[in-house]
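Asks: Data file protein-v7.cif (mmCIF, C-alpha atoms and all ligand atoms) is appended below.
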```cif
data_structure
#
loop_
_atom_site.label_atom_id
_atom_site.label_comp_id
_atom_site.auth_asym_id
_atom_site.auth_seq_id
_atom_site.Cartn_x
_atom_site.Cartn_y
_atom_site.Cartn_z
CA MET A 1 1.59 16.15 -10.20
CA ARG A 2 1.51 12.57 -11.38
CA GLY A 3 3.92 10.17 -12.89
CA TYR A 4 1.87 7.96 -15.22
CA LYS A 5 3.05 4.88 -17.09
CA ALA A 6 0.87 2.43 -19.04
CA PHE A 7 2.01 -1.13 -19.73
CA ASP A 8 0.76 -3.71 -22.23
CA ASN A 9 -0.13 -6.20 -19.54
CA LYS A 10 -0.13 -6.82 -15.79
CA GLN A 11 3.07 -8.86 -15.91
CA GLU A 12 5.01 -5.94 -17.38
CA LEU A 13 3.40 -3.58 -14.87
CA ALA A 14 4.41 -5.86 -12.00
CA ARG A 15 7.97 -6.27 -13.26
CA PHE A 16 8.48 -2.55 -13.77
CA ALA A 17 7.11 -1.79 -10.31
CA ALA A 18 9.43 -4.39 -8.80
CA LYS A 19 12.44 -2.90 -10.55
CA MET A 20 11.38 0.62 -9.57
CA TRP A 21 11.18 -0.44 -5.91
CA LEU A 22 14.57 -2.16 -5.96
CA ASP A 23 16.12 0.87 -7.67
CA ARG A 24 14.63 3.05 -4.93
CA LEU A 25 15.98 0.82 -2.18
CA ALA A 26 19.43 0.96 -3.78
CA LEU A 27 19.40 4.74 -3.26
CA THR A 28 18.37 4.65 0.39
CA ASP A 29 20.58 4.73 3.48
CA PRO A 30 20.76 1.04 4.54
CA ASN A 31 21.29 2.13 8.14
CA ARG A 32 17.97 3.96 8.36
CA PRO A 33 14.66 2.04 8.52
CA PHE A 34 12.77 2.19 5.22
CA THR A 35 9.03 1.89 5.83
CA VAL A 36 6.73 0.43 3.21
CA ALA A 37 2.95 -0.13 3.27
CA LEU A 38 1.52 -2.94 1.14
CA SER A 39 -1.99 -3.29 -0.29
CA GLY A 40 -4.06 -6.35 -1.12
CA GLY A 41 -5.86 -7.49 -4.24
CA ARG A 42 -4.67 -9.36 -7.32
CA ILE A 43 -1.79 -7.32 -8.73
CA PRO A 44 0.33 -7.70 -5.57
CA LYS A 45 0.60 -11.45 -6.25
CA LEU A 46 2.43 -10.77 -9.50
CA PHE A 47 4.33 -7.85 -8.03
CA TYR A 48 5.63 -9.94 -5.12
CA GLN A 49 6.64 -12.71 -7.49
CA GLU A 50 8.68 -10.25 -9.57
CA VAL A 51 10.31 -8.74 -6.49
CA THR A 52 11.39 -12.14 -5.15
CA GLU A 53 12.71 -13.11 -8.58
CA LEU A 54 14.75 -9.91 -8.97
CA ALA A 55 15.88 -9.10 -5.46
CA HIS A 56 18.74 -10.24 -3.28
CA PRO A 57 17.24 -10.55 0.25
CA SER A 58 20.00 -8.33 1.65
CA VAL A 59 18.43 -5.21 0.08
CA PHE A 60 15.52 -5.56 2.52
CA LYS A 61 17.58 -5.77 5.68
CA ASN A 62 16.29 -2.46 7.00
CA VAL A 63 12.87 -2.41 5.36
CA HIS A 64 9.92 -2.39 7.75
CA PHE A 65 6.71 -3.78 6.33
CA PHE A 66 3.34 -2.29 7.14
CA TRP A 67 0.02 -2.53 5.33
CA SER A 68 -2.03 0.14 3.57
CA ASP A 69 -5.04 -1.87 4.60
CA GLU A 70 -5.88 -5.22 6.12
CA ARG A 71 -9.03 -7.27 6.25
CA LEU A 72 -10.18 -8.10 9.78
CA VAL A 73 -9.68 -11.82 9.34
CA PRO A 74 -7.12 -14.15 10.95
CA PRO A 75 -3.57 -13.89 9.57
CA THR A 76 -3.96 -17.46 8.31
CA ASP A 77 -7.08 -16.62 6.31
CA ASP A 78 -6.77 -16.63 2.51
CA GLU A 79 -8.35 -13.16 2.54
CA SER A 80 -5.56 -11.75 4.73
CA ASN A 81 -3.32 -9.17 3.02
CA PHE A 82 -0.61 -10.18 5.48
CA LYS A 83 -0.90 -13.82 4.42
CA LEU A 84 -0.68 -12.82 0.76
CA ALA A 85 2.55 -10.94 1.39
CA ASP A 86 3.96 -13.49 3.82
CA GLU A 87 3.56 -16.39 1.41
CA ARG A 88 4.79 -14.59 -1.70
CA LEU A 89 7.25 -12.00 -0.45
CA LEU A 90 8.21 -12.02 3.23
CA SER A 91 8.88 -15.73 3.73
CA PRO A 92 10.61 -16.24 0.35
CA LEU A 93 12.91 -13.30 1.18
CA GLY A 94 13.47 -14.48 4.75
CA ILE A 95 12.32 -11.17 6.24
CA ALA A 96 12.87 -11.10 9.99
CA THR A 97 9.75 -11.01 12.12
CA ASP A 98 10.81 -7.76 13.81
CA GLN A 99 10.60 -6.10 10.39
CA ILE A 100 7.01 -7.21 9.87
CA HIS A 101 4.27 -5.06 11.41
CA ARG A 102 1.02 -6.70 10.45
CA VAL A 103 -2.31 -5.55 11.84
CA LEU A 104 -2.90 -7.91 14.78
CA THR A 105 -6.39 -8.89 13.75
CA GLU A 106 -6.65 -11.39 16.60
CA TYR A 107 -6.92 -8.41 18.97
CA ASP A 108 -10.05 -6.31 19.29
CA GLU A 109 -10.19 -3.60 16.61
CA SER A 110 -9.18 -0.64 18.76
CA LYS A 111 -6.19 -2.47 20.24
CA ALA A 112 -5.12 -3.70 16.81
CA ILE A 113 -5.19 -0.13 15.53
CA GLN A 114 -3.34 1.22 18.56
CA VAL A 115 -0.54 -1.34 18.30
CA VAL A 116 0.07 -0.90 14.57
CA THR A 117 -0.16 2.89 14.80
CA ASP A 118 2.36 2.98 17.68
CA ASP A 119 4.64 0.73 15.65
CA LEU A 120 4.36 2.90 12.58
CA MET A 121 5.05 6.08 14.56
CA ARG A 122 8.15 4.43 16.02
CA PHE A 123 9.66 3.84 12.59
CA THR A 124 8.69 7.06 10.82
CA LYS A 125 9.23 10.76 11.16
CA THR A 126 6.06 12.76 11.86
CA ASN A 127 4.93 15.61 9.63
CA GLU A 128 3.48 18.96 10.72
CA ASN A 129 0.02 17.39 10.94
CA GLY A 130 1.16 14.63 13.27
CA GLN A 131 1.01 12.06 10.50
CA PRO A 132 3.68 9.38 9.94
CA VAL A 133 5.82 9.96 6.85
CA ILE A 134 5.89 6.47 5.37
CA ASP A 135 8.69 6.11 2.85
CA LEU A 136 6.65 4.23 0.25
CA VAL A 137 2.98 3.27 0.07
CA PHE A 138 1.78 0.80 -2.54
CA LEU A 139 -1.88 1.17 -3.48
CA GLY A 140 -4.14 -0.77 -5.78
CA MET A 141 -7.27 0.85 -7.19
CA GLY A 142 -10.73 -0.61 -7.47
CA GLU A 143 -13.25 -0.15 -10.28
CA ASP A 144 -14.90 2.45 -8.01
CA ALA A 145 -11.54 4.25 -7.59
CA HIS A 146 -11.16 3.07 -4.01
CA VAL A 147 -7.62 2.86 -2.70
CA ALA A 148 -6.55 0.86 0.36
CA SER A 149 -9.93 0.46 2.07
CA LEU A 150 -11.02 4.04 1.49
CA PHE A 151 -14.25 3.72 -0.44
CA PRO A 152 -16.51 6.25 -2.19
CA GLY A 153 -19.13 7.75 0.10
CA ASP A 154 -17.14 7.19 3.31
CA THR A 155 -17.61 10.77 4.48
CA GLU A 156 -16.14 10.03 7.94
CA ALA A 157 -12.87 8.96 6.37
CA VAL A 158 -12.62 12.25 4.50
CA VAL A 159 -12.55 14.30 7.71
CA SER A 160 -10.71 11.80 9.91
CA LYS A 161 -7.12 12.45 10.98
CA ASP A 162 -6.73 8.87 12.25
CA VAL A 163 -3.56 7.23 10.98
CA TYR A 164 -5.41 3.90 10.77
CA ARG A 165 -9.19 3.49 10.99
CA VAL A 166 -11.72 0.67 10.90
CA VAL A 167 -14.18 0.71 8.02
CA THR A 168 -17.00 -1.47 6.76
CA GLY A 169 -16.59 -1.42 3.03
CA PRO A 170 -18.51 -2.80 0.04
CA LYS A 171 -15.64 -5.08 -1.00
CA PRO A 172 -15.73 -8.37 0.93
CA PRO A 173 -14.44 -9.09 3.51
CA SER A 174 -16.16 -5.87 4.50
CA ARG A 175 -14.62 -5.13 7.94
CA ARG A 176 -11.18 -3.68 7.42
CA VAL A 177 -8.43 -1.53 8.87
CA THR A 178 -7.06 1.10 6.50
CA LEU A 179 -4.57 3.93 6.47
CA GLY A 180 -6.52 7.19 6.41
CA TYR A 181 -6.30 9.87 3.74
CA SER A 182 -4.00 12.00 5.90
CA ALA A 183 -1.43 9.22 6.20
CA LEU A 184 -1.54 8.50 2.46
CA ILE A 185 -1.10 12.20 1.72
CA ALA A 186 1.79 12.45 4.21
CA ALA A 187 3.77 9.57 2.71
CA ARG A 188 7.07 10.35 1.03
CA GLU A 189 6.04 8.32 -2.01
CA VAL A 190 2.79 6.68 -3.15
CA TRP A 191 2.78 4.29 -6.11
CA VAL A 192 -0.60 3.19 -7.46
CA LEU A 193 -0.60 -0.12 -9.31
CA ALA A 194 -3.91 -0.02 -11.17
CA SER A 195 -4.51 -3.28 -12.98
CA GLY A 196 -7.63 -4.33 -14.83
CA GLN A 197 -9.32 -3.30 -18.06
CA GLY A 198 -12.45 -2.16 -16.25
CA LYS A 199 -10.62 0.58 -14.35
CA ALA A 200 -9.84 3.14 -17.03
CA GLU A 201 -12.97 5.19 -16.27
CA ALA A 202 -12.25 5.13 -12.53
CA LEU A 203 -8.76 6.49 -13.19
CA ARG A 204 -9.95 9.03 -15.77
CA SER A 205 -12.53 10.33 -13.32
CA SER A 206 -9.95 10.45 -10.52
CA ILE A 207 -7.51 12.68 -12.41
CA ALA A 208 -10.27 15.09 -13.44
CA VAL A 209 -10.15 18.47 -11.73
CA SER A 210 -12.27 18.64 -8.51
CA SER A 211 -12.95 14.89 -8.60
CA ILE A 212 -13.96 13.46 -5.22
CA THR A 213 -13.09 9.79 -5.72
CA PRO A 214 -10.90 8.21 -3.03
CA LEU A 215 -7.94 8.15 -5.41
CA ALA A 216 -8.61 11.75 -6.42
CA ARG A 217 -8.50 12.85 -2.78
CA VAL A 218 -5.06 11.29 -2.44
CA LEU A 219 -3.77 12.75 -5.70
CA GLN A 220 -5.06 16.21 -4.86
CA GLY A 221 -3.44 16.12 -1.43
CA ARG A 222 -0.01 15.16 -2.68
CA GLU A 223 2.69 16.83 -4.72
CA LYS A 224 3.54 13.69 -6.65
CA THR A 225 2.07 10.20 -7.03
CA GLU A 226 3.20 7.47 -9.43
CA ILE A 227 0.44 5.70 -11.34
CA LEU A 228 1.21 2.49 -13.20
CA THR A 229 -1.53 0.84 -15.27
CA ASP A 230 -2.00 -2.10 -17.63
CA PHE A 231 -4.59 -0.16 -19.60
CA THR A 232 -4.56 3.13 -21.54
CA LEU A 233 -6.67 6.15 -20.63
C1 LIG B 301 -7.74 -4.74 -0.55
C2 LIG B 301 -6.92 -3.75 -1.32
C3 LIG B 301 -7.71 -2.99 -2.32
C4 LIG B 301 -7.14 -3.40 -3.65
C5 LIG B 301 -7.99 -2.89 -4.79
C6 LIG B 301 -7.47 -3.40 -6.14
O1 LIG B 301 -7.32 -5.12 0.53
O2 LIG B 301 -8.75 -5.19 -1.10
O3 LIG B 301 -5.98 -3.11 -0.67
O4 LIG B 301 -7.61 -1.60 -2.19
O5 LIG B 301 -5.81 -2.88 -3.78
O6 LIG B 301 -9.31 -3.34 -4.57
O7 LIG B 301 -7.54 -4.78 -6.12
P1 LIG B 301 -7.20 -5.61 -7.47
O8 LIG B 301 -5.74 -5.36 -7.74
O9 LIG B 301 -7.51 -7.03 -7.12
O10 LIG B 301 -8.09 -5.06 -8.54
#
```
Would it be possible to restate this file's structure as structure tokens?
Ligand code: 6PG

Replies:
Amino acid sequence: MRGYKAFDNKQELARFAAKMWLDRLALTDPNRPFTVALSGGRIPKLFYQEVTELAHPSVFKNVHFFWSDERLVPPTDDESNFKLADERLLSPLGIATDQIHRVLTEYDESKAIQVVTDDLMRFTKTNENGQPVIDLVFLGMGEDAHVASLFPGDTEAVVSKDVYRVVTGPKPPSRRVTLGYSALIAAREVWVLASGQGKAEALRSSIAVSSITPLARVLQGREKTEILTDFTL
């Protein structure tokens, strides 16, 4: 099942998503950690801006920030998804460092994955498949219907049960860490912010029955996923 909402432009998409998130946080138990996983790309810049404009920092006091995927670059690199969030969301909101669980890309890949997976498991319940139940995962979608850093043709990813895995993808920077399909399927909520006129076909193909795009695999594995777009199907 999908919730689908199309907006006239990316600004309206970003603002709605920000309001939706703040409304969700208002309903949660402030004494229980709320885990969120952030993606990279262009739409998060607008989304973060809207969140910081709308939100009182106190609503995030028990939110723990993870990433749906991260490029294997230093945290100071302009290509870092952590840096994007830190500059436009985490620092402006004054999020405490112990709530921020970035992928430690300065470590070797296997250690970076181990540390962030252990962290994630500490803050989430585990489902029957041993996967963390992340409260809310934000995904973008590429023109090839990739989500996080799960790309078409990555057959290993399809069968992997790893919570996080290292991939070499076609989108530069190519070496990345990404949540696996099982973790995306296990999440309590997944919201896809698909922005860009050239993506309508990728989304159409992903909602088709028996599609095998990365987004399709997530949609087919889950009961419900929200899809917000700035284009019409
Ligand atoms: C990344 C992202 C990636 C992104 C999509 C959409 O780190 O590159 O997580 O999955 O969300 O490629 O990016 P745009 O919003 O820029 O189209």

Asks: For A:Asp86, please output as a short mmCIF file (atom, residue, chain, number, x, y, z; two decimals) with C-alpha atoms, keeping the file's coordinate frame all residues within 12 Å (counting only C-alpha atoms; exclusion window: fewer than 2 positions along the same chain).

Replies:
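Saved file out_27.cif follows:
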```cif
data_model
loop_
_atom_site.label_atom_id
_atom_site.label_comp_id
_atom_site.auth_asym_id
_atom_site.auth_seq_id
_atom_site.Cartn_x
_atom_site.Cartn_y
_atom_site.Cartn_z
CA LEU A 38 1.52 -2.94 1.14
CA GLY A 40 -4.06 -6.35 -1.12
CA PRO A 44 0.33 -7.70 -5.57
CA LYS A 45 0.60 -11.45 -6.25
CA TYR A 48 5.63 -9.94 -5.12
CA GLN A 49 6.64 -12.71 -7.49
CA THR A 52 11.39 -12.14 -5.15
CA PHE A 65 6.71 -3.78 6.33
CA PHE A 66 3.34 -2.29 7.14
CA TRP A 67 0.02 -2.53 5.33
CA PRO A 75 -3.57 -13.89 9.57
CA THR A 76 -3.96 -17.46 8.31
CA ASP A 77 -7.08 -16.62 6.31
CA ASP A 78 -6.77 -16.63 2.51
CA SER A 80 -5.56 -11.75 4.73
CA ASN A 81 -3.32 -9.17 3.02
CA PHE A 82 -0.61 -10.18 5.48
CA LYS A 83 -0.90 -13.82 4.42
CA LEU A 84 -0.68 -12.82 0.76
CA ARG A 88 4.79 -14.59 -1.70
CA LEU A 89 7.25 -12.00 -0.45
CA LEU A 90 8.21 -12.02 3.23
CA SER A 91 8.88 -15.73 3.73
CA PRO A 92 10.61 -16.24 0.35
CA LEU A 93 12.91 -13.30 1.18
CA GLY A 94 13.47 -14.48 4.75
CA ILE A 95 12.32 -11.17 6.24
CA ALA A 96 12.87 -11.10 9.99
CA THR A 97 9.75 -11.01 12.12
CA GLN A 99 10.60 -6.10 10.39
CA ILE A 100 7.01 -7.21 9.87
CA HIS A 101 4.27 -5.06 11.41
CA ARG A 102 1.02 -6.70 10.45
#
```

Asks: What residues of the protein or nucleic acid chains come within 8 Å of ligand LIG 301 (chain B) when you use all atoms listed in the file? Reply as an NGL selection string.

Replies: :A and (38-44 or 68-71 or 81 or 139-143 or 146-150 or 171-172 or 193-196)

Asks: Can you tell me, as a ChimeraX atom specification, what residues are no more than 6 Å from A:Ile185 when counting all atoms listed in the file, ignoring any on the same chain fewer than 2 positions away?

Replies: /A:182-183,187,218,221-222

Asks: Smallest atom-to-atom distance to A:Gly153: which of A:Ala55, A:Ala200, A:Leu46, A:Val167, using all atoms listed in the file?

Replies: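 Under the stated criterion, the closest residue is A:Val167.
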
Asks: Considering only C-alpha atoms, return as an NGL selection string whatever protein or nucleic-acid residues lie within 10 Å of A:Leu203, sequence-local ones (same chain, fewer than 3 positions apart) excluded.

Replies: :A and (141-145 or 194 or 198-200 or 206-208 or 213 or 215-216 or 227 or 229 or 232-233)

Asks: Please measure the separation of atom CA of A:Val177 and atom CA of A:Glu79, giving the value in Å to one decimal.

Replies: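 Those two atoms sit 13.2 Å apart.
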
Asks: What does the structure give for the distance between atom CA of A:Glu226 and atom CA of A:Leu136, in Å to one decimal?

Replies: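 Spanning atom CA of A:Glu226 to atom CA of A:Leu136 is a straight-line distance of 10.8 Å.
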
Asks: Kindly give the distance, in Å, that separates atom CA of A:Lys224 and atom CA of A:Arg2, rounded to a single decimal.

Replies: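 So the answer is 5.3 Å.
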
Asks: Using only C-alpha atoms, find the one residue out of A:Asp29, A:Gln197, A:Leu72, A:Asn127 that sits nearest to A:Thr168.

Replies: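 For A:Thr168, the nearest of the candidates is A:Leu72.
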
Asks: I'd like to know which of A:Asp230, A:Asp98, A:Glu106, A:Glu223 is closest to A:Leu13, using all atoms listed in the file.

Replies: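 Looking only at the distances to A:Leu13, the closest residue turns out to be A:Asp230.
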
Asks: Near A:Lys111, within 12 Å and counting all atoms listed in the file, which residues show up once chain neighbours fewer than 5 positions away are dropped, as number ranges by chain?

Replies: A: 103-106, 116-118, 164-166, 177

Asks: So, counting all atoms listed in the file, which residue among A:Phe16, A:Phe7, A:Phe231, A:Trp191 is closest to A:Leu54?

Replies: A:Phe16
